[in-house]
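What follows is one structure encoded as structure tokens, with my remarks underneath.
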Amino acid sequence: MELKTGQEIHGFEVKRVRRSDELKGTMYELEHTRTGAQLAWLDNSERNKLFCISFKTTPEDSTGVFHIIEHTVLCGSDKYPVKEPFLELMKSSLNTFLNAMTFDDKTIYPISSRNEQDFLNLTSVYLDAVFAPSLLKNPSIFYQEGWHMESDESGLSYKGVVLNEMKGAMSGVDRVAMQGIQELVFPDNCYGLNSGGEPGKIQDLTYENYVATYRKYYHPSNSRIYLDGAVPLDRTLSLIDSYLSRFDRQEMVFDIPYQAPKARKQTLTYEIGKDDDTNGKSQYVIGALGCTWQDKTKVMVLGALSDYLADSNESPLKKAVL
Ligand SMILES: [Zn+2]
């Protein structure tokens, strides 16, 4: 299917069309007229069809609210009121990819399949999950995935899927060091926070704040939708429009301020085994601001340079230190 700039299709307007030899296809950029939702489709005839919806999610604290939202939108929705649709799809669909990820500044929900009907089913489940989740009506979903208290013979303790996941993640020295350096380098914006949730801070999150955060960020005007491959475009756009059109356009500005460089240091501790020797367990981490995200060449060069210097035991810097 070929689209032309200015063409209207299922509530969307085609804003830009670009041929890319590198991507072996045509990139179409569309905007949903009613809500302002942005959609890009890479038409490259690839049999594997991909749908991904993402939201800009910039945390304001380290309660892990966006990580908990990511888990819980996949715990049932209006049209698919089962307890764990995600696990059902894992077992029963023909998906070639199915997941959800929370980053420091965005949350993404990608699916893909080679089968057209399966692709549409998966897209439908994910759209229903992000725009009509059961979490709004059923607080126990939040308590199960986020945090709650349980009592047993040893007394009261905190439990919760995300809480346990983050306790595990934050018990390794590498993650503690990584989080620590991000906190130091980015004290004034979202990159200094723990978007996954800091055990100890996750318990500060209330059901009310969690629902308010969901409503604030999970809106078509704050979304980006990406399609790739030989998708059945008419049916896909019509399905997407049926969800987006339930909303009205909202002004959404979640700016991330640039971080001014600041010289800072801190000492952090991490857990080791009771009988472990503390000798040789210290680590030294150094980090600096290199450039802004807009300086794409420099970002790439710095990545290559750090790979060259320290990627393997044979890399010059690492070899010298070892
Ligand atoms: Zn998780």
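For the structure tokens, the naming scheme is as follows: chains receive sequential letters (A, B, ...) according to their order of presentation, residues are indexed from 1 within each chain, and ligands are indexed from 1 in presentation order.
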
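For ligand 1, the neighbouring polymer residues at 10 Å or closer are Gly64, Phe66, His67, Ile68, Ile69, Glu70, His71, Thr72, Ala100, Met101, Thr102, Glu145, Gly146, Val161, Val162, Leu163, Asn164, Glu165, Met166, Ala169, Gly196 and Gly197 of chain A, only C-alpha atoms and all ligand atoms being used.
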
Filtering to C-alpha atoms, could you give me those residues as an mmCIF file, in the first residue's frame?
```cif
data_model
loop_
_atom_site.group_PDB
_atom_site.id
_atom_site.type_symbol
_atom_site.label_atom_id
_atom_site.label_comp_id
_atom_site.auth_asym_id
_atom_site.auth_seq_id
_atom_site.Cartn_x
_atom_site.Cartn_y
_atom_site.Cartn_z
ATOM 1 C CA GLY A 64 9.413 2.424 40.429
ATOM 2 C CA PHE A 66 6.424 3.119 35.786
ATOM 3 C CA HIS A 67 7.898 -0.346 36.256
ATOM 4 C CA ILE A 68 4.848 -1.323 38.349
ATOM 5 C CA ILE A 69 2.528 0.179 35.718
ATOM 6 C CA GLU A 70 4.357 -1.839 33.039
ATOM 7 C CA HIS A 71 3.760 -5.072 34.980
ATOM 8 C CA THR A 72 0.147 -4.291 35.869
ATOM 9 C CA ALA A 100 7.441 -4.780 27.719
ATOM 10 C CA MET A 101 10.338 -2.705 29.013
ATOM 11 C CA THR A 102 10.693 0.257 31.354
ATOM 12 C CA GLU A 145 2.714 -6.636 41.554
ATOM 13 C CA GLY A 146 3.878 -3.557 43.506
ATOM 14 C CA VAL A 161 6.606 -8.988 42.339
ATOM 15 C CA VAL A 162 8.381 -5.749 41.386
ATOM 16 C CA LEU A 163 9.717 -5.276 44.923
ATOM 17 C CA ASN A 164 11.261 -8.766 44.868
ATOM 18 C CA GLU A 165 12.586 -8.289 41.335
ATOM 19 C CA MET A 166 14.318 -5.032 42.351
ATOM 20 C CA ALA A 169 18.536 -6.638 40.810
ATOM 21 C CA GLY A 196 12.918 0.245 38.177
ATOM 22 C CA GLY A 197 12.249 1.153 41.809
#
```

Would you list, as a PDB file with N, CA and C atoms, in the first residue's frame, the residues of region 102-256 of chain A that end up in alpha helix (DSSP H) under DSSP run on this structure's backbone?
```
ATOM      1  N   GLU A 116      -0.577 -12.920  10.018  1.00  0.00           N
ATOM      2  CA  GLU A 116      -1.342 -11.668  10.002  1.00  0.00           C
ATOM      3  C   GLU A 116      -2.412 -11.604  11.095  1.00  0.00           C
ATOM      4  N   GLN A 117      -3.203 -12.662  11.226  1.00  0.00           N
ATOM      5  CA  GLN A 117      -4.260 -12.645  12.230  1.00  0.00           C
ATOM      6  C   GLN A 117      -3.677 -12.603  13.643  1.00  0.00           C
ATOM      7  N   ASP A 118      -2.605 -13.340  13.832  1.00  0.00           N
ATOM      8  CA  ASP A 118      -1.940 -13.341  15.138  1.00  0.00           C
ATOM      9  C   ASP A 118      -1.400 -11.944  15.463  1.00  0.00           C
ATOM     10  N   PHE A 119      -0.836 -11.289  14.465  1.00  0.00           N
ATOM     11  CA  PHE A 119      -0.332  -9.923  14.643  1.00  0.00           C
ATOM     12  C   PHE A 119      -1.453  -8.991  15.092  1.00  0.00           C
ATOM     13  N   LEU A 120      -2.621  -9.107  14.431  1.00  0.00           N
ATOM     14  CA  LEU A 120      -3.748  -8.238  14.799  1.00  0.00           C
ATOM     15  C   LEU A 120      -4.269  -8.568  16.203  1.00  0.00           C
ATOM     16  N   ASN A 121      -4.302  -9.850  16.543  1.00  0.00           N
ATOM     17  CA  ASN A 121      -4.749 -10.239  17.897  1.00  0.00           C
ATOM     18  C   ASN A 121      -3.821  -9.657  18.954  1.00  0.00           C
ATOM     19  N   LEU A 122      -2.517  -9.815  18.744  1.00  0.00           N
ATOM     20  CA  LEU A 122      -1.541  -9.324  19.720  1.00  0.00           C
ATOM     21  C   LEU A 122      -1.632  -7.804  19.855  1.00  0.00           C
ATOM     22  N   THR A 123      -1.798  -7.134  18.717  1.00  0.00           N
ATOM     23  CA  THR A 123      -1.922  -5.671  18.735  1.00  0.00           C
ATOM     24  C   THR A 123      -3.159  -5.266  19.540  1.00  0.00           C
ATOM     25  N   SER A 124      -4.244  -6.003  19.327  1.00  0.00           N
ATOM     26  CA  SER A 124      -5.480  -5.709  20.040  1.00  0.00           C
ATOM     27  C   SER A 124      -5.328  -5.909  21.546  1.00  0.00           C
ATOM     28  N   VAL A 125      -4.672  -6.987  21.958  1.00  0.00           N
ATOM     29  CA  VAL A 125      -4.466  -7.245  23.394  1.00  0.00           C
ATOM     30  C   VAL A 125      -3.602  -6.136  24.009  1.00  0.00           C
ATOM     31  N   TYR A 126      -2.557  -5.728  23.294  1.00  0.00           N
ATOM     32  CA  TYR A 126      -1.663  -4.697  23.850  1.00  0.00           C
ATOM     33  C   TYR A 126      -2.335  -3.321  23.910  1.00  0.00           C
ATOM     34  N   LEU A 127      -3.140  -2.985  22.891  1.00  0.00           N
ATOM     35  CA  LEU A 127      -3.847  -1.694  22.918  1.00  0.00           C
ATOM     36  C   LEU A 127      -4.847  -1.670  24.069  1.00  0.00           C
ATOM     37  N   ASP A 128      -5.555  -2.790  24.247  1.00  0.00           N
ATOM     38  CA  ASP A 128      -6.524  -2.861  25.345  1.00  0.00           C
ATOM     39  C   ASP A 128      -5.809  -2.783  26.695  1.00  0.00           C
ATOM     40  N   ALA A 129      -4.641  -3.408  26.764  1.00  0.00           N
ATOM     41  CA  ALA A 129      -3.872  -3.406  28.017  1.00  0.00           C
ATOM     42  C   ALA A 129      -3.448  -1.986  28.398  1.00  0.00           C
ATOM     43  N   VAL A 130      -2.903  -1.243  27.445  1.00  0.00           N
ATOM     44  CA  VAL A 130      -2.380   0.081  27.824  1.00  0.00           C
ATOM     45  C   VAL A 130      -3.481   1.134  27.968  1.00  0.00           C
ATOM     46  N   PHE A 131      -4.610   0.963  27.237  1.00  0.00           N
ATOM     47  CA  PHE A 131      -5.636   2.011  27.306  1.00  0.00           C
ATOM     48  C   PHE A 131      -6.880   1.638  28.127  1.00  0.00           C
ATOM     49  N   PRO A 139      -7.719  -2.731  42.734  1.00  0.00           N
ATOM     50  CA  PRO A 139      -6.484  -2.347  43.435  1.00  0.00           C
ATOM     51  C   PRO A 139      -5.598  -3.530  43.799  1.00  0.00           C
ATOM     52  N   SER A 140      -6.168  -4.740  43.915  1.00  0.00           N
ATOM     53  CA  SER A 140      -5.322  -5.869  44.347  1.00  0.00           C
ATOM     54  C   SER A 140      -4.237  -6.189  43.316  1.00  0.00           C
ATOM     55  N   ILE A 141      -4.460  -5.788  42.053  1.00  0.00           N
ATOM     56  CA  ILE A 141      -3.415  -5.979  41.020  1.00  0.00           C
ATOM     57  C   ILE A 141      -2.172  -5.174  41.397  1.00  0.00           C
ATOM     58  N   PHE A 142      -2.404  -3.945  41.884  1.00  0.00           N
ATOM     59  CA  PHE A 142      -1.282  -3.102  42.313  1.00  0.00           C
ATOM     60  C   PHE A 142      -0.572  -3.725  43.508  1.00  0.00           C
ATOM     61  N   TYR A 143      -1.342  -4.206  44.486  1.00  0.00           N
ATOM     62  CA  TYR A 143      -0.713  -4.745  45.693  1.00  0.00           C
ATOM     63  C   TYR A 143       0.077  -6.017  45.387  1.00  0.00           C
ATOM     64  N   GLN A 144      -0.438  -6.825  44.483  1.00  0.00           N
ATOM     65  CA  GLN A 144       0.257  -8.066  44.124  1.00  0.00           C
ATOM     66  C   GLN A 144       1.570  -7.777  43.377  1.00  0.00           C
ATOM     67  N   GLU A 145       1.520  -6.891  42.376  1.00  0.00           N
ATOM     68  CA  GLU A 145       2.714  -6.636  41.554  1.00  0.00           C
ATOM     69  C   GLU A 145       3.645  -5.603  42.190  1.00  0.00           C
ATOM     70  N   VAL A 161       5.802  -8.474  43.451  1.00  0.00           N
ATOM     71  CA  VAL A 161       6.606  -8.988  42.339  1.00  0.00           C
ATOM     72  C   VAL A 161       7.721  -8.008  41.962  1.00  0.00           C
ATOM     73  N   VAL A 162       7.366  -6.732  41.769  1.00  0.00           N
ATOM     74  CA  VAL A 162       8.381  -5.749  41.386  1.00  0.00           C
ATOM     75  C   VAL A 162       9.368  -5.528  42.532  1.00  0.00           C
ATOM     76  N   LEU A 163       8.836  -5.462  43.759  1.00  0.00           N
ATOM     77  CA  LEU A 163       9.717  -5.276  44.923  1.00  0.00           C
ATOM     78  C   LEU A 163      10.764  -6.390  44.985  1.00  0.00           C
ATOM     79  N   ASN A 164      10.321  -7.635  44.822  1.00  0.00           N
ATOM     80  CA  ASN A 164      11.261  -8.766  44.868  1.00  0.00           C
ATOM     81  C   ASN A 164      12.254  -8.718  43.711  1.00  0.00           C
ATOM     82  N   GLU A 165      11.726  -8.375  42.514  1.00  0.00           N
ATOM     83  CA  GLU A 165      12.586  -8.289  41.335  1.00  0.00           C
ATOM     84  C   GLU A 165      13.700  -7.251  41.573  1.00  0.00           C
ATOM     85  N   MET A 166      13.331  -6.101  42.149  1.00  0.00           N
ATOM     86  CA  MET A 166      14.318  -5.032  42.351  1.00  0.00           C
ATOM     87  C   MET A 166      15.271  -5.355  43.504  1.00  0.00           C
ATOM     88  N   LYS A 167      14.773  -6.092  44.511  1.00  0.00           N
ATOM     89  CA  LYS A 167      15.676  -6.532  45.579  1.00  0.00           C
ATOM     90  C   LYS A 167      16.769  -7.401  44.979  1.00  0.00           C
ATOM     91  N   GLY A 168      16.373  -8.288  44.074  1.00  0.00           N
ATOM     92  CA  GLY A 168      17.343  -9.155  43.402  1.00  0.00           C
ATOM     93  C   GLY A 168      18.291  -8.336  42.546  1.00  0.00           C
ATOM     94  N   ALA A 169      17.721  -7.435  41.738  1.00  0.00           N
ATOM     95  CA  ALA A 169      18.536  -6.638  40.810  1.00  0.00           C
ATOM     96  C   ALA A 169      19.539  -5.768  41.560  1.00  0.00           C
ATOM     97  N   VAL A 173      26.756  -5.989  42.865  1.00  0.00           N
ATOM     98  CA  VAL A 173      27.602  -4.793  42.959  1.00  0.00           C
ATOM     99  C   VAL A 173      27.572  -3.961  41.676  1.00  0.00           C
ATOM    100  N   ASP A 174      27.473  -4.621  40.519  1.00  0.00           N
ATOM    101  CA  ASP A 174      27.474  -3.879  39.259  1.00  0.00           C
ATOM    102  C   ASP A 174      26.294  -2.919  39.178  1.00  0.00           C
ATOM    103  N   ARG A 175      25.124  -3.427  39.559  1.00  0.00           N
ATOM    104  CA  ARG A 175      23.921  -2.587  39.489  1.00  0.00           C
ATOM    105  C   ARG A 175      23.979  -1.446  40.510  1.00  0.00           C
ATOM    106  N   VAL A 176      24.499  -1.751  41.698  1.00  0.00           N
ATOM    107  CA  VAL A 176      24.637  -0.713  42.725  1.00  0.00           C
ATOM    108  C   VAL A 176      25.579   0.382  42.218  1.00  0.00           C
ATOM    109  N   ALA A 177      26.691  -0.038  41.581  1.00  0.00           N
ATOM    110  CA  ALA A 177      27.672   0.925  41.068  1.00  0.00           C
ATOM    111  C   ALA A 177      27.065   1.757  39.939  1.00  0.00           C
ATOM    112  N   MET A 178      26.343   1.100  39.045  1.00  0.00           N
ATOM    113  CA  MET A 178      25.722   1.777  37.899  1.00  0.00           C
ATOM    114  C   MET A 178      24.701   2.811  38.374  1.00  0.00           C
ATOM    115  N   GLN A 179      23.835   2.393  39.306  1.00  0.00           N
ATOM    116  CA  GLN A 179      22.812   3.296  39.825  1.00  0.00           C
ATOM    117  C   GLN A 179      23.477   4.467  40.556  1.00  0.00           C
ATOM    118  N   GLY A 180      24.537   4.147  41.305  1.00  0.00           N
ATOM    119  CA  GLY A 180      25.250   5.172  42.063  1.00  0.00           C
ATOM    120  C   GLY A 180      25.869   6.226  41.155  1.00  0.00           C
ATOM    121  N   ILE A 181      26.462   5.786  40.044  1.00  0.00           N
ATOM    122  CA  ILE A 181      27.117   6.741  39.146  1.00  0.00           C
ATOM    123  C   ILE A 181      26.060   7.595  38.432  1.00  0.00           C
ATOM    124  N   GLN A 182      24.916   6.996  38.113  1.00  0.00           N
ATOM    125  CA  GLN A 182      23.848   7.774  37.472  1.00  0.00           C
ATOM    126  C   GLN A 182      23.321   8.852  38.412  1.00  0.00           C
ATOM    127  N   GLU A 183      23.184   8.491  39.685  1.00  0.00           N
ATOM    128  CA  GLU A 183      22.726   9.449  40.695  1.00  0.00           C
ATOM    129  C   GLU A 183      23.680  10.637  40.797  1.00  0.00           C
ATOM    130  N   LEU A 184      24.992  10.338  40.731  1.00  0.00           N
ATOM    131  CA  LEU A 184      26.004  11.391  40.870  1.00  0.00           C
ATOM    132  C   LEU A 184      26.072  12.284  39.645  1.00  0.00           C
ATOM    133  N   VAL A 185      26.006  11.659  38.466  1.00  0.00           N
ATOM    134  CA  VAL A 185      26.175  12.428  37.231  1.00  0.00           C
ATOM    135  C   VAL A 185      24.911  13.226  36.891  1.00  0.00           C
ATOM    136  N   TYR A 207      -1.637   3.392  46.103  1.00  0.00           N
ATOM    137  CA  TYR A 207      -2.486   3.023  44.969  1.00  0.00           C
ATOM    138  C   TYR A 207      -2.994   4.285  44.261  1.00  0.00           C
ATOM    139  N   GLU A 208      -3.357   5.303  45.041  1.00  0.00           N
ATOM    140  CA  GLU A 208      -3.903   6.541  44.473  1.00  0.00           C
ATOM    141  C   GLU A 208      -2.861   7.254  43.597  1.00  0.00           C
ATOM    142  N   ASN A 209      -1.631   7.339  44.079  1.00  0.00           N
ATOM    143  CA  ASN A 209      -0.580   8.004  43.284  1.00  0.00           C
ATOM    144  C   ASN A 209      -0.250   7.219  42.024  1.00  0.00           C
ATOM    145  N   TYR A 210      -0.279   5.925  42.152  1.00  0.00           N
ATOM    146  CA  TYR A 210       0.013   5.036  41.019  1.00  0.00           C
ATOM    147  C   TYR A 210      -1.052   5.208  39.924  1.00  0.00           C
ATOM    148  N   VAL A 211      -2.335   5.242  40.314  1.00  0.00           N
ATOM    149  CA  VAL A 211      -3.402   5.437  39.329  1.00  0.00           C
ATOM    150  C   VAL A 211      -3.307   6.835  38.706  1.00  0.00           C
ATOM    151  N   ALA A 212      -3.009   7.837  39.539  1.00  0.00           N
ATOM    152  CA  ALA A 212      -2.892   9.215  39.021  1.00  0.00           C
ATOM    153  C   ALA A 212      -1.743   9.292  38.009  1.00  0.00           C
ATOM    154  N   THR A 213      -0.630   8.590  38.288  1.00  0.00           N
ATOM    155  CA  THR A 213       0.511   8.599  37.367  1.00  0.00           C
ATOM    156  C   THR A 213       0.141   7.903  36.060  1.00  0.00           C
ATOM    157  N   TYR A 214      -0.554   6.769  36.169  1.00  0.00           N
ATOM    158  CA  TYR A 214      -1.013   6.073  34.962  1.00  0.00           C
ATOM    159  C   TYR A 214      -1.850   7.026  34.105  1.00  0.00           C
ATOM    160  N   ARG A 215      -2.814   7.697  34.719  1.00  0.00           N
ATOM    161  CA  ARG A 215      -3.728   8.571  33.950  1.00  0.00           C
ATOM    162  C   ARG A 215      -2.986   9.753  33.327  1.00  0.00           C
ATOM    163  N   LYS A 216      -1.948  10.220  34.006  1.00  0.00           N
ATOM    164  CA  LYS A 216      -1.208  11.385  33.517  1.00  0.00           C
ATOM    165  C   LYS A 216      -0.369  11.042  32.275  1.00  0.00           C
ATOM    166  N   TYR A 217       0.230   9.855  32.265  1.00  0.00           N
ATOM    167  CA  TYR A 217       1.192   9.529  31.199  1.00  0.00           C
ATOM    168  C   TYR A 217       0.658   8.609  30.102  1.00  0.00           C
ATOM    169  N   LEU A 233      -2.303  -2.755   6.671  1.00  0.00           N
ATOM    170  CA  LEU A 233      -2.367  -1.381   7.151  1.00  0.00           C
ATOM    171  C   LEU A 233      -3.783  -0.908   7.480  1.00  0.00           C
ATOM    172  N   ASP A 234      -4.753  -1.191   6.583  1.00  0.00           N
ATOM    173  CA  ASP A 234      -6.125  -0.742   6.834  1.00  0.00           C
ATOM    174  C   ASP A 234      -6.658  -1.245   8.164  1.00  0.00           C
ATOM    175  N   ARG A 235      -6.526  -2.544   8.360  1.00  0.00           N
ATOM    176  CA  ARG A 235      -7.069  -3.146   9.584  1.00  0.00           C
ATOM    177  C   ARG A 235      -6.286  -2.689  10.813  1.00  0.00           C
ATOM    178  N   THR A 236      -4.977  -2.530  10.669  1.00  0.00           N
ATOM    179  CA  THR A 236      -4.152  -2.127  11.813  1.00  0.00           C
ATOM    180  C   THR A 236      -4.466  -0.697  12.231  1.00  0.00           C
ATOM    181  N   LEU A 237      -4.511   0.224  11.249  1.00  0.00           N
ATOM    182  CA  LEU A 237      -4.776   1.631  11.600  1.00  0.00           C
ATOM    183  C   LEU A 237      -6.184   1.796  12.151  1.00  0.00           C
ATOM    184  N   SER A 238      -7.146   1.056  11.581  1.00  0.00           N
ATOM    185  CA  SER A 238      -8.523   1.153  12.057  1.00  0.00           C
ATOM    186  C   SER A 238      -8.623   0.655  13.506  1.00  0.00           C
ATOM    187  N   LEU A 239      -7.890  -0.409  13.820  1.00  0.00           N
ATOM    188  CA  LEU A 239      -7.857  -0.934  15.195  1.00  0.00           C
ATOM    189  C   LEU A 239      -7.219   0.087  16.149  1.00  0.00           C
ATOM    190  N   ILE A 240      -6.096   0.655  15.748  1.00  0.00           N
ATOM    191  CA  ILE A 240      -5.414   1.637  16.595  1.00  0.00           C
ATOM    192  C   ILE A 240      -6.319   2.850  16.822  1.00  0.00           C
ATOM    193  N   ASP A 241      -6.946   3.317  15.732  1.00  0.00           N
ATOM    194  CA  ASP A 241      -7.823   4.492  15.826  1.00  0.00           C
ATOM    195  C   ASP A 241      -8.989   4.246  16.782  1.00  0.00           C
ATOM    196  N   SER A 242      -9.487   2.995  16.830  1.00  0.00           N
ATOM    197  CA  SER A 242     -10.641   2.710  17.697  1.00  0.00           C
ATOM    198  C   SER A 242     -10.281   2.919  19.169  1.00  0.00           C
ATOM    199  N   TYR A 243      -8.991   2.807  19.506  1.00  0.00           N
ATOM    200  CA  TYR A 243      -8.559   3.084  20.896  1.00  0.00           C
ATOM    201  C   TYR A 243      -8.220   4.560  21.093  1.00  0.00           C
ATOM    202  N   LEU A 244      -7.448   5.113  20.164  1.00  0.00           N
ATOM    203  CA  LEU A 244      -7.010   6.499  20.332  1.00  0.00           C
ATOM    204  C   LEU A 244      -8.206   7.453  20.371  1.00  0.00           C
TER     205      LEU A 244
END
```

* To do: May I have the residues within 6 Å of region 105-107 of chain A as a PyMOL selection string, using only C-alpha atoms and disregarding those fewer than 2 positions away in the same chain?
  => chain A and resi 54-58+101-103

* Shortest interatomic distance to Ile111 (chain A) - which of A:Leu309, A:Ile225, A:Ala304, A:Leu136, counting only C-alpha atoms -> A:Ile225

* Using DSSP on the backbone, list every residue of region 68-192 of chain A that comes out as strand (DSSP E), and give them as number ranges by chain. => A: 95-98, 101-102, 106-113, 148-152, 155-159

* To do: Give me the residues within 9 Å of Met27 (chain A) as a ChimeraX atom specification, counting only C-alpha atoms and dropping any in the same chain fewer than 2 places off.
  => /A:16-20,23,25,29,40-44

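From CA of Thr35 (chain A) back to CA of Phe254 (chain A), the distance works out to 16.5 Å.
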
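CA of Lys201 (chain A) to CA of Met170 (chain A) spans 12.6 Å [interatomic distance, one decimal].
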
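Between Ala288 (chain A) and the candidates A:Met149, A:Ala260, A:Leu30, A:Cys190, the tightest atom-to-atom separation, counting only C-alpha atoms, involves A:Ala260.
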
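Checking A:Asn279, A:Asn95, A:Ser171, A:Gln259 one by one against Phe186 (chain A), counting only C-alpha atoms, you find the shortest gap at A:Gln259.
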
Give me the residues near Ser306 (chain A) as a tab-separated table (two decimals) with N, CA and C atoms, in the first residue's frame, where near means some atom within 12 Å (using only C-alpha atoms) and where sequence neighbours in that chain fewer than 3 positions away do not count.
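File produced: part_29.tsv:
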```tsv
chain	number	residue	atom	x	y	z
A	287	GLY	N	32.62	8.50	36.24
A	287	GLY	CA	31.72	8.82	35.13
A	287	GLY	C	31.75	10.31	34.84
A	290	GLY	N	29.57	13.47	28.60
A	290	GLY	CA	30.39	13.59	27.39
A	290	GLY	C	29.83	14.59	26.40
A	299	VAL	N	28.26	10.66	20.41
A	299	VAL	CA	27.70	9.57	21.21
A	299	VAL	C	28.25	8.24	20.69
A	300	MET	N	28.26	8.11	19.35
A	300	MET	CA	28.74	6.86	18.75
A	300	MET	C	30.23	6.67	18.97
A	301	VAL	N	30.98	7.76	18.80
A	301	VAL	CA	32.44	7.69	18.99
A	301	VAL	C	32.78	7.32	20.43
A	302	LEU	N	32.09	7.94	21.39
A	302	LEU	CA	32.37	7.64	22.80
A	302	LEU	C	32.06	6.18	23.13
A	303	GLY	N	30.98	5.66	22.53
A	303	GLY	CA	30.63	4.25	22.73
A	303	GLY	C	31.72	3.33	22.18
A	309	LEU	N	38.55	0.62	24.75
A	309	LEU	CA	39.43	0.75	25.92
A	309	LEU	C	39.18	-0.30	27.00
A	310	ALA	N	37.89	-0.69	27.15
A	310	ALA	CA	37.59	-1.46	28.35
A	310	ALA	C	36.64	-2.64	28.17
A	311	ASP	N	36.36	-3.02	26.93
A	311	ASP	CA	35.33	-4.04	26.73
A	311	ASP	C	35.74	-5.44	27.19
A	312	SER	N	36.96	-5.85	26.86
A	312	SER	CA	37.38	-7.20	27.24
A	312	SER	C	38.67	-7.13	28.05
A	315	SER	N	41.48	-5.47	26.27
A	315	SER	CA	41.39	-4.04	25.93
A	315	SER	C	42.45	-3.28	26.72
A	316	PRO	N	43.09	-2.27	26.08
A	316	PRO	CA	44.27	-1.65	26.69
A	316	PRO	C	44.07	-1.12	28.11
A	317	LEU	N	42.99	-0.38	28.34
A	317	LEU	CA	42.82	0.20	29.68
A	317	LEU	C	42.58	-0.89	30.70
A	318	LYS	N	41.69	-1.82	30.37
A	318	LYS	CA	41.37	-2.89	31.32
A	318	LYS	C	42.58	-3.76	31.59
```

* Find the residues around Thr33 (chain A) up to 10 Å (only C-alpha atoms counted), leave out those fewer than 2 positions away in its own chain, and share them as a VMD selection string. => chain A and resid 8 10 to 14 30 to 31 35 to 38 241 244 to 245 248 to 249

* Straight-line distance linking CA of Lys49 (chain A) with CA of Asn115 (chain A), stated in Å to one decimal -> 8.0 Å

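Among the candidates A:Ser134, A:Thr278, A:Thr96, A:Asn222, the one nearest to Val82 (chain A) when counting only C-alpha atoms is A:Ser134.
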
* Asked: For Thr26 (chain A), which of A:Pro85, A:Gly76, A:Gly229, A:Pro199 is the closest residue, counting only C-alpha atoms?
  -> A:Gly229

* Structure fact -> Using only C-alpha atoms, the shortest atom-to-atom distance to Arg246 (chain A) among A:Glu150, A:Ala132, A:Leu87, A:Ile286 belongs to A:Ala132
